[in-house]
$ cat query02.txt   # compact mmCIF, C-alpha atoms and all ligand atoms
# COMPACT_ATOMS: atom_id res chain seq x y z
CA MET A 1 20.16 -38.25 -20.42
CA SER A 2 18.48 -35.61 -18.28
CA PHE A 3 17.94 -37.79 -15.21
CA GLN A 4 20.66 -38.40 -12.67
CA PRO A 5 20.42 -40.58 -9.55
CA PRO A 6 19.13 -38.47 -6.62
CA LYS A 7 21.81 -36.56 -4.69
CA GLY A 8 23.74 -38.84 -2.34
CA THR A 9 22.65 -42.08 -4.04
CA ASP A 10 24.61 -44.33 -6.38
CA ASP A 11 24.06 -46.69 -9.27
CA ILE A 12 26.04 -49.78 -8.43
CA ILE A 13 26.80 -51.56 -11.68
CA ALA A 14 29.37 -53.97 -13.11
CA PRO A 15 32.24 -54.42 -12.69
CA GLU A 16 32.16 -52.87 -9.15
CA SER A 17 28.84 -54.56 -8.39
CA GLN A 18 30.59 -57.94 -8.43
CA THR A 19 32.63 -56.96 -5.37
CA TRP A 20 29.36 -55.99 -3.68
CA ARG A 21 27.79 -59.28 -4.60
CA GLU A 22 30.72 -61.29 -3.28
CA THR A 23 30.82 -59.23 -0.08
CA LEU A 24 27.10 -59.75 0.52
CA ARG A 25 27.51 -63.49 -0.13
CA LEU A 26 30.34 -63.55 2.36
CA TRP A 27 28.04 -61.82 4.83
CA GLU A 28 25.38 -64.51 4.40
CA ASP A 29 27.99 -67.16 4.93
CA TRP A 30 29.59 -65.62 8.04
CA SER A 31 26.37 -64.54 9.76
CA GLU A 32 24.91 -68.01 9.21
CA ARG A 33 28.07 -69.63 10.56
CA TYR A 34 27.55 -67.79 13.86
CA GLY A 35 23.91 -68.87 14.07
CA TYR A 36 22.12 -65.70 12.96
CA ALA A 37 18.86 -66.30 11.07
CA LEU A 38 17.89 -63.93 8.28
CA ILE A 39 15.42 -61.12 8.96
CA SER A 40 13.92 -58.99 6.22
CA LEU A 41 12.03 -56.02 7.64
CA PRO A 42 10.07 -53.06 6.25
CA ILE A 43 12.14 -50.30 4.66
CA PHE A 44 9.77 -47.74 6.17
CA GLU A 45 8.30 -47.75 9.64
CA SER A 46 6.11 -45.51 11.74
CA THR A 47 8.09 -42.33 12.52
CA ASP A 48 7.49 -42.78 16.28
CA LEU A 49 9.49 -46.00 16.27
CA PHE A 50 12.66 -44.14 15.32
CA GLU A 51 11.89 -41.12 17.50
CA ARG A 52 11.67 -43.43 20.49
CA GLY A 53 14.05 -46.16 19.34
CA VAL A 54 16.86 -44.00 17.97
CA GLY A 55 16.24 -41.08 20.32
CA GLU A 56 14.73 -37.64 19.89
CA THR A 57 17.94 -35.80 20.72
CA THR A 58 20.11 -37.66 18.20
CA GLU A 59 21.31 -36.06 15.01
CA VAL A 60 19.80 -38.92 13.01
CA VAL A 61 16.30 -38.11 14.29
CA THR A 62 16.56 -34.32 14.43
CA LYS A 63 18.24 -33.74 11.08
CA GLN A 64 18.59 -36.82 8.94
CA MET A 65 15.34 -38.71 8.61
CA TYR A 66 13.37 -39.08 5.41
CA THR A 67 9.96 -38.54 6.95
CA PHE A 68 6.72 -38.03 5.04
CA ALA A 69 2.98 -38.45 5.36
CA ASP A 70 1.65 -41.34 3.26
CA ARG A 71 -1.68 -41.18 1.42
CA GLY A 72 -3.45 -42.30 4.59
CA ASP A 73 -1.84 -39.36 6.41
CA ARG A 74 0.33 -41.56 8.60
CA SER A 75 3.81 -40.27 9.35
CA VAL A 76 6.31 -42.81 8.06
CA THR A 77 10.10 -42.73 7.86
CA LEU A 78 12.58 -44.52 5.61
CA ARG A 79 14.64 -46.57 8.05
CA PRO A 80 17.83 -44.74 9.09
CA GLU A 81 19.15 -47.79 10.99
CA GLY A 82 18.24 -51.40 11.68
CA THR A 83 18.15 -51.99 15.43
CA ALA A 84 14.84 -50.33 16.32
CA GLY A 85 13.03 -52.29 13.58
CA ALA A 86 14.65 -55.56 14.59
CA VAL A 87 13.73 -55.15 18.25
CA ARG A 88 10.19 -54.17 17.24
CA ALA A 89 9.95 -57.31 15.07
CA TYR A 90 11.15 -59.52 17.92
CA LEU A 91 8.65 -58.02 20.37
CA ASN A 92 5.81 -58.29 17.81
CA SER A 93 6.66 -61.92 17.00
CA GLY A 94 5.67 -63.07 20.49
CA LYS A 95 8.81 -65.22 20.56
CA GLN A 96 10.56 -65.79 23.86
CA GLY A 97 14.17 -66.43 24.69
CA VAL A 98 17.36 -65.66 22.85
CA TRP A 99 16.94 -64.51 19.28
CA LYS A 100 19.75 -64.04 16.80
CA ALA A 101 18.96 -62.14 13.64
CA ALA A 102 21.02 -60.88 10.68
CA TYR A 103 20.01 -58.28 8.12
CA SER A 104 21.32 -56.71 4.95
CA GLY A 105 19.78 -53.85 3.02
CA PRO A 106 19.52 -50.16 2.20
CA PHE A 107 19.19 -47.42 4.84
CA PHE A 108 18.49 -43.72 4.41
CA ARG A 109 19.80 -40.57 6.07
CA TYR A 110 19.65 -37.02 4.83
CA GLU A 111 23.39 -36.34 5.11
CA ARG A 112 25.71 -33.91 3.39
CA PRO A 113 26.93 -36.35 0.73
CA GLN A 114 30.59 -37.14 0.28
CA ALA A 115 32.65 -40.28 -0.34
CA GLY A 116 31.54 -42.85 2.24
CA ARG A 117 28.64 -40.67 3.44
CA ARG A 118 25.60 -41.29 1.28
CA ARG A 119 21.89 -40.59 1.57
CA GLN A 120 21.12 -44.17 0.62
CA PHE A 121 23.69 -46.62 1.95
CA TRP A 122 23.89 -50.34 2.58
CA GLN A 123 24.29 -51.90 5.99
CA VAL A 124 24.68 -55.47 7.15
CA GLY A 125 24.19 -56.19 10.81
CA VAL A 126 23.14 -58.52 13.58
CA GLU A 127 21.11 -58.29 16.76
CA TYR A 128 21.49 -60.79 19.61
CA LEU A 129 18.45 -60.33 21.85
CA ASP A 130 17.31 -61.43 25.28
CA THR A 131 20.71 -62.08 26.74
CA ALA A 132 22.80 -59.85 29.00
CA SER A 133 25.83 -62.14 28.86
CA PRO A 134 29.19 -60.55 28.03
CA VAL A 135 29.93 -63.68 26.00
CA ALA A 136 27.24 -62.53 23.55
CA ASP A 137 29.06 -59.19 23.22
CA VAL A 138 32.28 -61.02 22.44
CA GLU A 139 30.63 -63.27 19.89
CA VAL A 140 29.01 -60.30 18.16
CA ILE A 141 32.29 -58.35 18.09
CA GLU A 142 34.13 -61.41 16.81
CA LEU A 143 31.68 -61.97 13.94
CA GLY A 144 32.04 -58.35 12.76
CA TYR A 145 35.80 -58.50 13.00
CA ARG A 146 36.13 -61.84 11.18
CA PHE A 147 33.71 -60.79 8.47
CA ILE A 148 35.44 -57.47 7.81
CA THR A 149 38.79 -59.25 7.64
CA ALA A 150 37.33 -61.90 5.30
CA THR A 151 36.26 -59.20 2.83
CA GLY A 152 39.96 -58.52 2.30
CA LEU A 153 40.33 -55.46 4.53
CA SER A 154 43.43 -55.98 6.60
CA ASP A 155 44.02 -52.64 8.31
CA VAL A 156 41.05 -52.72 10.70
CA ALA A 157 41.25 -51.46 14.26
CA LEU A 158 38.68 -52.42 16.89
CA LEU A 159 37.88 -49.70 19.42
CA LEU A 160 36.19 -50.64 22.68
CA ASN A 161 34.59 -48.78 25.55
CA SER A 162 31.99 -49.22 28.26
CA ILE A 163 29.45 -46.48 28.83
CA GLY A 164 28.04 -47.89 32.06
CA ASP A 165 24.38 -48.38 32.86
CA GLN A 166 21.46 -46.84 34.77
CA VAL A 167 23.28 -47.45 38.04
CA CYS A 168 26.58 -45.69 37.32
CA ARG A 169 25.87 -43.41 34.39
CA PRO A 170 23.84 -40.66 36.13
CA ALA A 171 26.76 -39.71 38.40
CA TYR A 172 29.15 -39.85 35.45
CA VAL A 173 26.90 -37.64 33.31
CA GLU A 174 26.73 -35.09 36.15
CA SER A 175 30.53 -34.92 36.43
CA LEU A 176 30.84 -34.62 32.65
CA ARG A 177 28.27 -31.82 32.64
CA ARG A 178 30.22 -29.94 35.32
CA TYR A 179 33.42 -30.32 33.33
CA LEU A 180 31.77 -29.09 30.12
CA ARG A 181 30.13 -26.10 31.81
CA GLU A 182 33.54 -24.99 33.05
CA ARG A 183 34.81 -25.00 29.46
CA GLU A 184 31.77 -23.57 27.68
CA ALA A 185 33.78 -20.66 26.28
CA GLN A 186 36.06 -22.94 24.26
CA LEU A 187 33.40 -25.28 22.89
CA SER A 188 31.46 -25.07 19.63
CA ALA A 189 27.92 -23.67 19.82
CA GLU A 190 26.60 -27.12 18.91
CA ALA A 191 28.43 -28.70 21.85
CA VAL A 192 27.21 -26.02 24.28
CA ALA A 193 23.63 -26.65 23.18
CA LEU A 194 24.04 -30.30 24.16
CA ILE A 195 25.46 -29.79 27.65
CA GLU A 196 22.08 -29.82 29.37
CA ARG A 197 20.17 -32.13 27.03
CA ASN A 198 22.73 -34.81 26.27
CA PRO A 199 26.31 -34.15 27.39
CA LEU A 200 27.54 -37.60 26.35
CA ARG A 201 26.99 -36.61 22.75
CA VAL A 202 29.49 -33.77 23.14
CA LEU A 203 32.20 -36.42 23.44
CA ASP A 204 31.08 -37.68 20.04
CA SER A 205 31.71 -34.31 18.45
CA LYS A 206 34.74 -34.44 16.13
CA ALA A 207 34.96 -30.62 16.12
CA ASP A 208 35.55 -30.45 19.88
CA ALA A 209 37.58 -33.63 20.35
CA ASP A 210 40.94 -31.97 20.94
CA LYS A 211 39.50 -29.76 23.71
CA LEU A 212 38.10 -32.70 25.62
CA LEU A 213 41.17 -34.86 26.02
CA ASP A 214 41.06 -34.68 29.83
CA ALA A 215 37.25 -35.01 30.11
CA PRO A 216 35.99 -37.44 32.77
CA ARG A 217 35.92 -40.97 31.36
CA THR A 218 33.10 -43.45 31.74
CA LEU A 219 35.74 -46.06 32.50
CA ASP A 220 36.61 -44.31 35.77
CA HIS A 221 32.96 -44.26 36.89
CA LEU A 222 31.77 -47.81 36.20
CA CYS A 223 29.85 -49.64 38.90
CA ALA A 224 31.09 -53.10 39.91
CA ASP A 225 28.71 -54.95 37.56
CA CYS A 226 29.65 -52.84 34.56
CA ALA A 227 33.35 -53.16 35.35
CA ASP A 228 32.99 -56.97 35.58
CA HIS A 229 31.11 -57.01 32.29
CA LEU A 230 33.85 -55.04 30.56
CA GLU A 231 36.54 -57.30 32.02
CA ALA A 232 34.69 -60.36 30.70
CA VAL A 233 34.43 -58.82 27.22
CA LYS A 234 38.14 -58.03 27.20
CA ARG A 235 39.00 -61.51 28.44
CA GLY A 236 36.89 -63.04 25.66
CA LEU A 237 38.54 -60.94 22.97
CA GLU A 238 41.97 -61.85 24.31
CA THR A 239 41.06 -65.57 24.30
CA LEU A 240 40.01 -65.28 20.66
CA GLY A 241 43.13 -63.32 19.74
CA ILE A 242 41.20 -60.27 18.58
CA PRO A 243 43.24 -57.10 19.05
CA TYR A 244 41.39 -54.06 20.45
CA LYS A 245 42.13 -50.61 21.70
CA GLU A 246 40.24 -48.98 24.56
CA ASP A 247 38.80 -45.65 23.45
CA PRO A 248 37.21 -43.57 26.23
CA ALA A 249 35.80 -41.11 23.66
CA LEU A 250 33.64 -43.82 22.07
CA VAL A 251 30.15 -43.12 23.41
CA ARG A 252 26.51 -43.56 22.51
CA GLY A 253 24.55 -40.62 23.76
CA LEU A 254 21.32 -42.43 24.55
CA ASP A 255 19.97 -43.74 27.80
CA TYR A 256 19.10 -47.19 26.57
CA TYR A 257 22.61 -47.89 25.32
CA THR A 258 24.45 -49.68 28.09
CA ARG A 259 27.90 -51.00 28.79
CA THR A 260 29.72 -52.22 25.69
CA ALA A 261 30.30 -49.79 22.81
CA PHE A 262 32.62 -50.65 19.93
CA GLU A 263 33.64 -49.51 16.51
CA TYR A 264 35.60 -50.98 13.61
CA VAL A 265 37.85 -48.44 11.93
CA ALA A 266 39.55 -48.82 8.56
CA THR A 267 42.84 -47.13 9.31
CA GLY A 268 43.50 -46.56 5.60
CA LEU A 269 40.44 -44.32 5.09
CA ASP A 270 40.07 -40.58 5.75
CA THR A 271 39.21 -39.91 9.38
CA ALA A 272 35.88 -38.26 8.53
CA GLN A 273 34.42 -41.57 7.39
CA ASN A 274 36.81 -44.25 8.51
CA ALA A 275 34.30 -46.08 10.73
CA VAL A 276 33.27 -49.13 8.76
CA GLY A 277 30.91 -50.25 11.50
CA GLY A 278 29.86 -49.91 15.07
CA GLY A 279 27.70 -51.42 17.70
CA GLY A 280 27.07 -52.07 21.31
CA ARG A 281 24.70 -53.18 23.99
CA TYR A 282 21.26 -51.59 24.29
CA ASP A 283 19.59 -53.17 27.31
CA GLY A 284 17.00 -50.39 27.64
CA LEU A 285 15.84 -50.17 24.01
CA ALA A 286 12.97 -52.68 24.09
CA GLU A 287 11.33 -50.80 26.98
CA ALA A 288 11.92 -47.44 25.26
CA ILE A 289 9.71 -48.63 22.40
CA GLY A 290 7.04 -49.99 24.72
CA GLY A 291 8.08 -53.64 25.01
CA ARG A 292 9.05 -55.92 27.88
CA PRO A 293 12.62 -55.59 29.18
CA THR A 294 14.87 -57.34 26.65
CA PRO A 295 18.63 -56.89 26.79
CA GLY A 296 20.46 -57.02 23.48
CA VAL A 297 23.68 -56.39 21.64
CA GLY A 298 24.45 -55.90 17.96
CA PHE A 299 26.31 -54.04 15.26
CA ALA A 300 25.84 -52.48 11.84
CA LEU A 301 28.54 -52.36 9.19
CA GLY A 302 28.57 -49.93 6.30
CA VAL A 303 29.06 -51.83 3.06
CA ASP A 304 29.69 -48.63 1.05
CA ARG A 305 32.58 -47.84 3.40
CA ILE A 306 33.97 -51.37 3.19
CA MET A 307 33.90 -51.04 -0.61
CA LEU A 308 35.68 -47.71 -0.39
CA ALA A 309 38.36 -49.17 1.84
CA LEU A 310 38.78 -52.17 -0.49
CA GLY A 311 39.28 -49.77 -3.38
CA ASP A 312 36.83 -51.60 -5.67
CA PRO A 313 39.07 -54.38 -6.94
CA VAL A 314 37.61 -55.52 -10.25
CA ARG A 315 36.42 -59.09 -10.08
CA PRO A 316 34.74 -60.54 -13.21
CA HIS A 317 31.21 -61.82 -12.78
CA LEU A 318 31.88 -64.54 -15.39
CA ASP A 319 34.08 -67.63 -15.37
CA ALA A 320 34.02 -67.78 -19.15
CA TYR A 321 32.68 -66.25 -22.34
CA LEU A 322 31.46 -68.66 -24.98
CA VAL A 323 32.40 -67.74 -28.55
CA SER A 324 30.38 -69.65 -31.12
CA GLU A 325 31.52 -70.19 -34.70
CA THR A 326 28.11 -71.72 -35.51
CA GLY A 327 25.69 -69.05 -34.36
CA PRO A 328 23.70 -68.23 -31.24
CA GLU A 329 21.24 -71.14 -31.27
CA GLU A 330 23.99 -73.71 -30.80
CA ALA A 331 25.68 -71.40 -28.29
CA LEU A 332 22.47 -71.35 -26.25
CA ARG A 333 22.53 -75.16 -25.96
CA VAL A 334 26.26 -75.36 -25.16
CA ALA A 335 26.03 -72.53 -22.61
CA SER A 336 23.14 -74.35 -20.96
CA LEU A 337 25.31 -77.48 -20.49
CA LEU A 338 28.16 -75.42 -19.04
CA ARG A 339 25.80 -73.54 -16.73
CA GLU A 340 24.34 -76.81 -15.53
CA ALA A 341 27.89 -77.78 -14.58
CA GLY A 342 28.09 -74.61 -12.44
CA ILE A 343 30.18 -72.47 -14.78
CA ARG A 344 29.25 -68.78 -14.97
CA VAL A 345 29.14 -68.27 -18.70
CA ASP A 346 27.67 -65.84 -21.20
CA PHE A 347 27.46 -65.66 -25.00
CA ASP A 348 26.31 -63.47 -27.88
CA VAL A 349 22.66 -63.82 -28.94
CA ASP A 350 22.88 -61.47 -31.93
CA GLY A 351 24.95 -63.60 -34.32
CA ARG A 352 27.94 -61.24 -34.33
CA SER A 353 31.23 -62.13 -35.98
CA VAL A 354 33.74 -64.28 -34.11
CA LYS A 355 36.02 -61.24 -33.87
CA ALA A 356 33.23 -59.18 -32.29
CA GLN A 357 32.49 -62.01 -29.83
CA PHE A 358 36.16 -62.01 -28.74
CA ARG A 359 35.91 -58.27 -28.23
CA THR A 360 32.88 -58.70 -26.00
CA ALA A 361 34.69 -61.38 -23.98
CA ARG A 362 37.53 -58.93 -23.34
CA ARG A 363 35.16 -56.08 -22.51
CA LEU A 364 33.48 -58.28 -19.89
CA ALA A 365 36.91 -59.31 -18.53
CA ALA A 366 36.05 -63.02 -18.84
CA PRO A 367 39.10 -64.90 -17.59
CA VAL A 368 38.48 -67.82 -19.98
CA ILE A 369 37.22 -67.94 -23.56
CA VAL A 370 35.55 -71.16 -24.73
CA VAL A 371 35.31 -71.46 -28.53
CA TRP A 372 32.57 -73.73 -29.88
CA ARG A 373 33.33 -74.90 -33.41
CA GLY A 374 30.40 -77.24 -33.94
CA GLU A 375 29.30 -80.78 -33.18
CA GLY A 376 32.07 -83.38 -33.30
CA ARG A 377 34.85 -80.77 -33.11
CA LEU A 378 37.07 -80.18 -30.10
CA VAL A 379 36.29 -77.16 -27.90
CA ASP A 380 39.04 -74.59 -27.72
CA VAL A 381 39.57 -73.26 -24.18
CA GLN A 382 41.79 -70.20 -23.84
CA THR A 383 43.11 -68.05 -21.05
CA GLU A 384 45.70 -65.29 -21.30
CA SER A 385 48.48 -67.77 -20.69
CA GLU A 386 47.29 -71.16 -21.93
CA ARG A 387 45.18 -72.91 -24.50
CA ALA A 388 43.72 -76.44 -24.67
CA GLU A 389 41.48 -78.41 -27.02
CA LEU A 390 39.06 -80.84 -25.43
CA PRO A 391 35.79 -82.62 -26.00
CA LEU A 392 32.79 -80.66 -24.64
CA GLU A 393 32.19 -83.25 -21.87
CA GLU A 394 35.61 -82.46 -20.40
CA VAL A 395 35.24 -78.68 -20.26
CA SER A 396 33.66 -78.58 -16.81
CA SER A 397 36.41 -80.76 -15.30
CA TRP A 398 38.95 -78.44 -16.93
CA PHE A 399 37.35 -75.60 -14.95
CA SER A 400 37.26 -77.47 -11.65
CA ARG A 401 40.96 -78.28 -12.14
CA GLU A 402 41.69 -74.53 -12.10
P1 LIG B 1 25.62 -46.12 12.69
O1 LIG B 1 24.26 -46.72 12.60
O2 LIG B 1 25.63 -44.62 12.49
O3 LIG B 1 26.42 -46.59 13.87
O4 LIG B 1 26.39 -46.64 11.41
C1 LIG B 1 26.98 -47.90 11.31
C2 LIG B 1 27.89 -47.91 10.10
O5 LIG B 1 27.10 -47.65 8.91
C3 LIG B 1 28.91 -46.78 10.10
O6 LIG B 1 30.07 -47.18 10.79
C4 LIG B 1 29.16 -46.59 8.63
O7 LIG B 1 30.09 -47.55 8.15
C5 LIG B 1 27.82 -46.88 8.00
N1 LIG B 1 27.10 -45.62 7.70
C6 LIG B 1 26.36 -44.88 8.54
N2 LIG B 1 25.84 -43.81 7.91
C7 LIG B 1 26.29 -43.86 6.64
C8 LIG B 1 26.12 -43.05 5.47
N3 LIG B 1 25.37 -41.95 5.49
N4 LIG B 1 26.73 -43.42 4.32
C9 LIG B 1 27.49 -44.53 4.28
N5 LIG B 1 27.68 -45.34 5.34
C10 LIG B 1 27.10 -45.02 6.50

$ encode --input "query02.txt" --output "structure tokens" --more "lines below"
Ligand code: AMP
Amino acid sequence: MSFQPPKGTDDIIAPESQTWRETLRLWEDWSERYGYALISLPIFESTDLFERGVGETTEVVTKQMYTFADRGDRSVTLRPEGTAGAVRAYLNSGKQGVWKAAYSGPFFRYERPQAGRRRQFWQVGVEYLDTASPVADVEVIELGYRFITATGLSDVALLLNSIGDQVCRPAYVESLRRYLREREAQLSAEAVALIERNPLRVLDSKADADKLLDAPRTLDHLCADCADHLEAVKRGLETLGIPYKEDPALVRGLDYYTRTAFEYVATGLDTAQNAVGGGGRYDGLAEAIGGRPTPGVGFALGVDRIMLALGDPVRPHLDAYLVSETGPEEALRVASLLREAGIRVDFDVDGRSVKAQFRTARRLAAPVIVVWRGEGRLVDVQTESERAELPLEEVSSWFSRE
């Protein structure tokens, strides 16, 4: 075959795809449990939306967007993230008041591909709009934490910081800038280039992290309102028994990000891509894209990274494989009855030998094999460790007994 998937993209097929499917189902279940309605938004948007809504000085916008002119000569961009689109959708909808939305889908960034860093990747996320309450922050953080844990990932650390707001951040940014200027000689060229434009982003730089250990911290510069907000978030997490670690280096280098910033880290993964998700409050975003002031908080989780951390445990997509001794037409009818009873079952349509059907069952890792011998005969139900013969009507209760 001369065609390969494009660089940095993956074919997700069985058996690994079953773990994806179960994780995405779990996401639907958990996000719904916390009251988030589904949103399904365009995969491409006007380029301006991301320039303004993600920020012109960010790496995502300057280096990573898939931007092209469509046939009508409009500049469009494959979405690199979900928040700008979600806030745009809320503002366009004309709805008022709190709005809770959950999404799941592919996102695109022109990255240097490696494990856990793909050009097409899958994110699930939520946005909780039109509330400035710290309780919303806690609820959002809790949902992400509970969901990640429910996928089976146990070694997850939650990092928390506050990056202040329009009141306290300007003075902080000035003191950070002064500190960075004094150390220009030791910093990477990339960091130096950011000192004037966006010094907060220097703190984000992994290459310079060890030289910035004593950099001024946002936490020491918070105004009273931001400090109260952070205390309320911490109190909420403590009430819910969610462990967290304060991380002063966790920043979002954009003006409309305010107060709470957090990240979920899979401690078992390589440090270069161990963040399985992140989020925070973005009270200035709606105005940055031309809307009315609308505070909000949310997160995005990287499903590819969660899969990587889970190590792709193989879960069969079938409950059973039906082996028919009397050909595929009877198998079709019997499979239909089992499927109606909720059993995930498959069978051979090509009239292969019984031996070949058993081989297929093993290849598909079906945990149970159901052998159909013909009308009036008992059905043989087999697993690795047990075997039973029952009338067809009793097969579904045999499964629910499992
Ligand atoms: P971000 O929007 O950059 O905060 O990303 C949120 C989460 O999405 C990250 O913590 C990652 O888990 C995931 N993610 C971001 N970019 C990529 C990528 N290029 N490949 C795979 N996962 C990604």

$ residues_near_ligand --input "query02.txt" --ligand "ligand LIG 1 (chain B)" --cutoff "6 Å" --atoms "only C-alpha atoms and all ligand atoms" --output "PyMOL selection string"
chain A and resi 81+109+111+116-119+121+123+275-278+300-302+304-305

$ closest_residue --input "query02.txt" --among "A:Val233, A:Ala227, A:Asp319, A:Pro5" --to "A:Cys168" --atoms "only C-alpha atoms"
A:Ala227

$ atom_distance --input "query02.txt" --atom1 "atom CA of A:Thr149" --atom2 "atom CA of A:Ile163"
26.4 Å

$ atom_distance --input "query02.txt" --atom1 "atom CA of A:Lys234" --atom2 "atom CA of A:His221"
17.6 Å

$ residues_around --input "query02.txt" --residues "A:Arg235" --least-positions-apart "5" --cutoff "12 Å" --atoms "all atoms listed in the file" --output "MDAnalysis selection string"
chainID A and resid 134:135 137:138 228:230 240:244

$ residues_around --input "query02.txt" --residues "A:Val349" --least-positions-apart "2" --cutoff "7 Å" --atoms "only C-alpha atoms" --output "list of chain:residue names"
A:Pro328, A:Phe347, A:Gly351

$ write_last_selection --input "query02.txt" --atoms "C-alpha atoms" --output "PDB file, keeping the file's coordinate frame"
ATOM      1  CA  PRO A 328      23.700 -68.230 -31.240  1.00  0.00           C
ATOM      2  CA  PHE A 347      27.460 -65.660 -25.000  1.00  0.00           C
ATOM      3  CA  GLY A 351      24.950 -63.600 -34.320  1.00  0.00           C
TER       4      GLY A 351
END

$ build_atoms --input "query02.txt" --residues "stretch 7-22 of chain A" --atoms "N, CA and C atoms" --output "CSV table (one decimal), keeping the file's coordinate frame"
chain,number,residue,atom,x,y,z
A,7,LYS,N,20.6,-37.0,-5.4
A,7,LYS,CA,21.8,-36.6,-4.7
A,7,LYS,C,22.1,-37.5,-3.5
A,8,GLY,N,23.3,-38.0,-3.5
A,8,GLY,CA,23.7,-38.8,-2.3
A,8,GLY,C,23.4,-40.3,-2.5
A,9,THR,N,22.9,-40.7,-3.8
A,9,THR,CA,22.6,-42.1,-4.0
A,9,THR,C,23.5,-42.5,-5.2
A,10,ASP,N,23.7,-43.8,-5.4
A,10,ASP,CA,24.6,-44.3,-6.4
A,10,ASP,C,24.0,-45.4,-7.2
A,11,ASP,N,24.4,-45.5,-8.5
A,11,ASP,CA,24.1,-46.7,-9.3
A,11,ASP,C,25.2,-47.6,-9.1
A,12,ILE,N,24.9,-48.8,-8.6
A,12,ILE,CA,26.0,-49.8,-8.4
A,12,ILE,C,26.0,-50.8,-9.5
A,13,ILE,N,26.9,-50.7,-10.5
A,13,ILE,CA,26.8,-51.6,-11.7
A,13,ILE,C,28.1,-52.3,-11.9
A,14,ALA,N,28.1,-53.2,-12.8
A,14,ALA,CA,29.4,-54.0,-13.1
A,14,ALA,C,30.4,-53.0,-13.7
A,15,PRO,N,31.7,-53.3,-13.4
A,15,PRO,CA,32.2,-54.4,-12.7
A,15,PRO,C,32.2,-54.3,-11.2
A,16,GLU,N,32.1,-53.0,-10.6
A,16,GLU,CA,32.2,-52.9,-9.2
A,16,GLU,C,31.1,-53.7,-8.4
A,17,SER,N,29.9,-53.9,-9.1
A,17,SER,CA,28.8,-54.6,-8.4
A,17,SER,C,29.2,-56.0,-8.0
A,18,GLN,N,30.2,-56.6,-8.7
A,18,GLN,CA,30.6,-57.9,-8.4
A,18,GLN,C,31.3,-58.0,-7.1
A,19,THR,N,32.0,-57.0,-6.7
A,19,THR,CA,32.6,-57.0,-5.4
A,19,THR,C,31.5,-56.9,-4.3
A,20,TRP,N,30.5,-56.1,-4.6
A,20,TRP,CA,29.4,-56.0,-3.7
A,20,TRP,C,28.7,-57.4,-3.5
A,21,ARG,N,28.5,-58.0,-4.7
A,21,ARG,CA,27.8,-59.3,-4.6
A,21,ARG,C,28.6,-60.3,-3.8
A,22,GLU,N,29.9,-60.3,-4.0
A,22,GLU,CA,30.7,-61.3,-3.3
A,22,GLU,C,30.8,-60.9,-1.8
